[in-house]
Amino acid sequence: MTESFTRADDVLWRRTSCAVLVLPDAAPEATVLSGSAVAVWDELGEPRGANEIVTRVAAAFAIDETTCARGVLALLGTLRDAGAVTCSP
Amino acid sequence: MLAVRGYDDASRAVAAHDLPAPGRGFPDEPLTGDAWKAFSAIATTQRLGGLLGRAVADGAVSLSDEHRAEAEQWELSSARTSLFLERALLEVWQCFEAAAIPVRVLKGPALAHTVYPAAAMRPFGDVDILVPGEHFDRAVAKLVDGGGARSYGEPRPGFTSRFGKGVSLTRRDGYEIDVHRTFVSGPYGLLVDTPPLFTGGSRFRIGGRDVLGLEREAQFVGSCYHAVLGSAVPRLLPLRDVLQIALTEPFDLSRARTLWESWRGDAVVALAVSHACNVLGVAPTFDLAAWAKDYRPTPREQHYLDLYVDSSRSYARQALAGVGAIRGVRAKAAYVTALAAPSGEYLRARDGSYIRRAWRAGRLAVTRSGR
């Protein structure tokens with residue numbers, strides 16, 4: 001069983017030319033995503049498992065999946081804790 | 001004729017970037033030294049961060065690493081403000097929805113999500129909403145109950161809901177909500193028939209909720225009013241809005257014309273479109289621009305326009321001229337009385353220029369009507 005992640009329906013966000021700003025409900029400050037974190041945010045447009053996101057982002061940036069996984073999982077955790085991302089079984 | 005001042009060639013090019021029609025190109029000279037200083041002052045005050053970011057990303061303008069980093073910060077800062085304002089907008093929307101108060105979102109948030117290719121291209125510094133006159137006082141009371149501070153009162157109770165443009169409220173979080181009864185003050189605001197604006201709308205989604213702006217053609221006419229009547233020297237983003245809407249499908253010119261003609265706004269729309277084309281360097285080859293270019297205001301229209309533009313701009317004269325736009329003797333009398341003899345509470349609360357100007361307008365009206 002793999003958890004799937006997707007953007008929270010009520011999260012406010014904005015894509016700029018260099019980043020994505022994310023403002024979850026009740027968050028005191030917006031989170032700025034840049035670089036490969038923007039690619040992760042893009043992947044969250046529809047429900048995906050963490051492994052799938054890692055594979056896709058690693059391929060897009062031509063980076064090692066193990067290294068990529070650490071960053072992606074940490075980011076998913078941060079976004080989920082902030083209420084920007086929902087996680088369903 | 002409107003002034004073209006307050007912005008340089010580079011800022012005009014940024015404001016025209018990625019329009020659906022070719023606009024002003026960027027100057028050949030690099031933006032360095034004093035040119036950059038002048039440009040950055042304009043870009044920040046005119047909220048061009050989003051369009052500049054787009055222009056840089058598209059390779060339309062080349063900046064040094066230092067200036068590019070600066071521009072990225074402007075864009076991020078603008079986007080951040082817009083997000084917090086959208087949060088405020090959602091709170092207001094839910095509050096009004098619960099109270100069965102009809103509302104339409106004006107300007108920035110609505111245009112960013114319904115007309116521009118990307119919302120970040122159209123940042124905003126406050127939230128503007130339109131509320132029907134009959135719900136206006138209740139709407140303002142709801143926002144005040146929620147902690148909003150009204151920036152100024154009204155000459156007499158019920159004046160704004162009947163005759164005024166609207167009111168600004170500052171929330172506890174510092175963000176500003178402008179509650180409009182109509183688009184602008186003075187005669188052109190009084191001539192707008194607002195009830196039909198609440199029958200349709202442009203739906204857009206923020207924070208998981210659907211909200212409504214004006215229908216596209218009303219957005220256009222409202223943007224024309226805002227662009228050339230809202231400030232003494234038209235700002236770049238409102239001018240961009242005018243062309244962005246007019247040149248983005250779907251846009252029903254015939255429907256828009258019906259609206260502006262019914263509000264006697266022909267001269268306003270013509271001026272807005274012509275000036276936007278001039279400032280943003282768009283050739284007036286499309287039907288609307290060709291019409292606008294050839295339009296000649298009637299003496300009355302010119303008189304009304306003079307109340308709003310550049311050095312002739314005067315709240316007192318706008319207020320006075322508003323008498324001519326009000327239908328019915330009783331309504332005219334109520335309007336003049338409120339301006340000439342505002343309540344004591346209002347007078348005590350005001351010591352700024354607004355009341356002096358309003359007072360002057362009322363006195364002027366009484367003097368003239370007594371002749």
# chains A, B, ... in the order shown; residues from 1 in each chain; ligands from 1

$ residues_around --residues "Arg80 in chain A" --least-positions-apart "4" --cutoff "9 Å" --atoms "only C-alpha atoms" --output "ChimeraX atom specification"
/A:5,7-8,75-76,84-87

$ write_last_selection --atoms "C-alpha atoms" --output "PDB file, in the first residue's frame"
ATOM      1  CA  PHE A   5       0.081  12.908  -2.095  1.00  0.00           C
ATOM      2  CA  ARG A   7      -2.158  19.534  -3.226  1.00  0.00           C
ATOM      3  CA  ALA A   8      -4.689  20.491  -0.584  1.00  0.00           C
ATOM      4  CA  LEU A  75       9.621  18.354   1.307  1.00  0.00           C
ATOM      5  CA  LEU A  76       6.453  16.258   1.214  1.00  0.00           C
ATOM      6  CA  ALA A  84      -0.388  22.438   1.745  1.00  0.00           C
ATOM      7  CA  VAL A  85      -0.515  18.802   0.743  1.00  0.00           C
ATOM      8  CA  THR A  86      -2.888  16.029   1.661  1.00  0.00           C
ATOM      9  CA  CYS A  87      -1.927  12.423   1.961  1.00  0.00           C
TER      10      CYS A  87
END

$ interface_residues --of "chain B" --to "chain A" --cutoff "8 Å" --atoms "only C-alpha atoms" --output "compact mmCIF listing (two decimals) with C-alpha atoms, in the first residue's frame"
# COMPACT_ATOMS: atom_id res chain seq x y z
CA GLY B 50 5.05 39.96 -12.19
CA GLY B 53 9.62 38.41 -14.08
CA ARG B 54 7.83 37.12 -17.15
CA ALA B 57 12.10 34.58 -18.13
CA GLU B 72 12.94 38.19 -8.52
CA GLU B 75 8.01 39.39 -8.06
CA LEU B 76 8.06 37.19 -4.98
CA ALA B 79 3.00 37.34 -5.25
CA ARG B 80 3.17 36.97 -1.49
CA LEU B 83 -1.79 35.45 -1.72
CA PHE B 84 -2.50 37.07 1.63
CA GLU B 86 -6.71 36.31 -1.59
CA ARG B 87 -6.96 34.80 1.86
CA ALA B 118 -0.70 33.56 -15.34
CA ALA B 119 -2.02 35.04 -12.11
CA ALA B 120 1.42 36.26 -11.01
CA ILE B 206 -9.07 30.36 -5.32
CA GLY B 207 -8.29 28.36 -2.23
CA GLY B 208 -10.72 25.64 -3.24
CA ARG B 209 -13.70 27.98 -3.54

$ closest_residue --among "B:Arg24, B:His67, B:Arg138, B:Arg203" --to "Ile101 in chain B" --atoms "only C-alpha atoms"
B:Arg138

$ atom_distance --atom1 "CA of Arg300 in chain B" --atom2 "CA of Thr337 in chain B"
24.2 Å

$ residues_around --residues "Pro297 in chain B" --least-positions-apart "3" --cutoff "12 Å" --atoms "only C-alpha atoms" --output "NGL selection string"
:B and (1 or 264-271 or 292-294 or 300-306)

$ closest_residue --among "B:Ala349, B:Gly6, B:Ala149, B:Val103" --to "Pro234 in chain B" --atoms "only C-alpha atoms"
B:Gly6

$ atom_distance --atom1 "CA of Val115 in chain B" --atom2 "CA of Asp241 in chain B"
8.5 Å

$ residues_around --residues "Val279 in chain B" --least-positions-apart "3" --cutoff "9 Å" --atoms "only C-alpha atoms" --output "PyMOL selection string"
chain B and resi 4+12-13+16+24+236+239+274-276+282

$ write_last_selection --atoms "C-alpha atoms" --output "compact mmCIF listing (two decimals), in the first residue's frame"
# COMPACT_ATOMS: atom_id res chain seq x y z
CA VAL B 4 2.25 60.28 -20.23
CA ARG B 12 6.18 50.90 -20.43
CA ALA B 13 7.78 48.01 -22.27
CA ALA B 16 3.25 45.80 -22.55
CA ARG B 24 6.28 48.56 -27.03
CA LEU B 236 0.48 51.17 -16.05
CA LEU B 239 -3.86 50.45 -18.72
CA SER B 274 -6.46 55.21 -26.91
CA HIS B 275 -4.25 56.04 -23.98
CA ALA B 276 -3.47 52.38 -23.30
CA VAL B 282 0.02 48.92 -29.39

$ residues_around --residues "Ile42 in chain B" --least-positions-apart "5" --cutoff "8 Å" --atoms "only C-alpha atoms" --output "PyMOL selection string"
chain B and resi 6-8+11

$ write_last_selection --atoms "N, CA and C atoms" --output "short mmCIF file (atom, residue, chain, number, x, y, z; two decimals), in the first residue's frame"
data_model
loop_
_atom_site.label_atom_id
_atom_site.label_comp_id
_atom_site.auth_asym_id
_atom_site.auth_seq_id
_atom_site.Cartn_x
_atom_site.Cartn_y
_atom_site.Cartn_z
N GLY B 6 5.51 59.79 -15.35
CA GLY B 6 5.54 58.90 -14.20
C GLY B 6 6.10 57.54 -14.54
N TYR B 7 6.43 57.32 -15.81
CA TYR B 7 7.05 56.06 -16.17
C TYR B 7 8.01 56.26 -17.35
N ASP B 8 9.03 55.40 -17.39
CA ASP B 8 10.02 55.51 -18.46
C ASP B 8 9.73 54.47 -19.55
N SER B 11 9.74 50.77 -18.31
CA SER B 11 8.57 50.32 -17.55
C SER B 11 7.35 50.19 -18.46
#

$ residues_around --residues "range 104-106 of chain B" --least-positions-apart "2" --cutoff "6 Å" --atoms "only C-alpha atoms" --output "PyMOL selection string"
chain B and resi 110+128-130+212-214
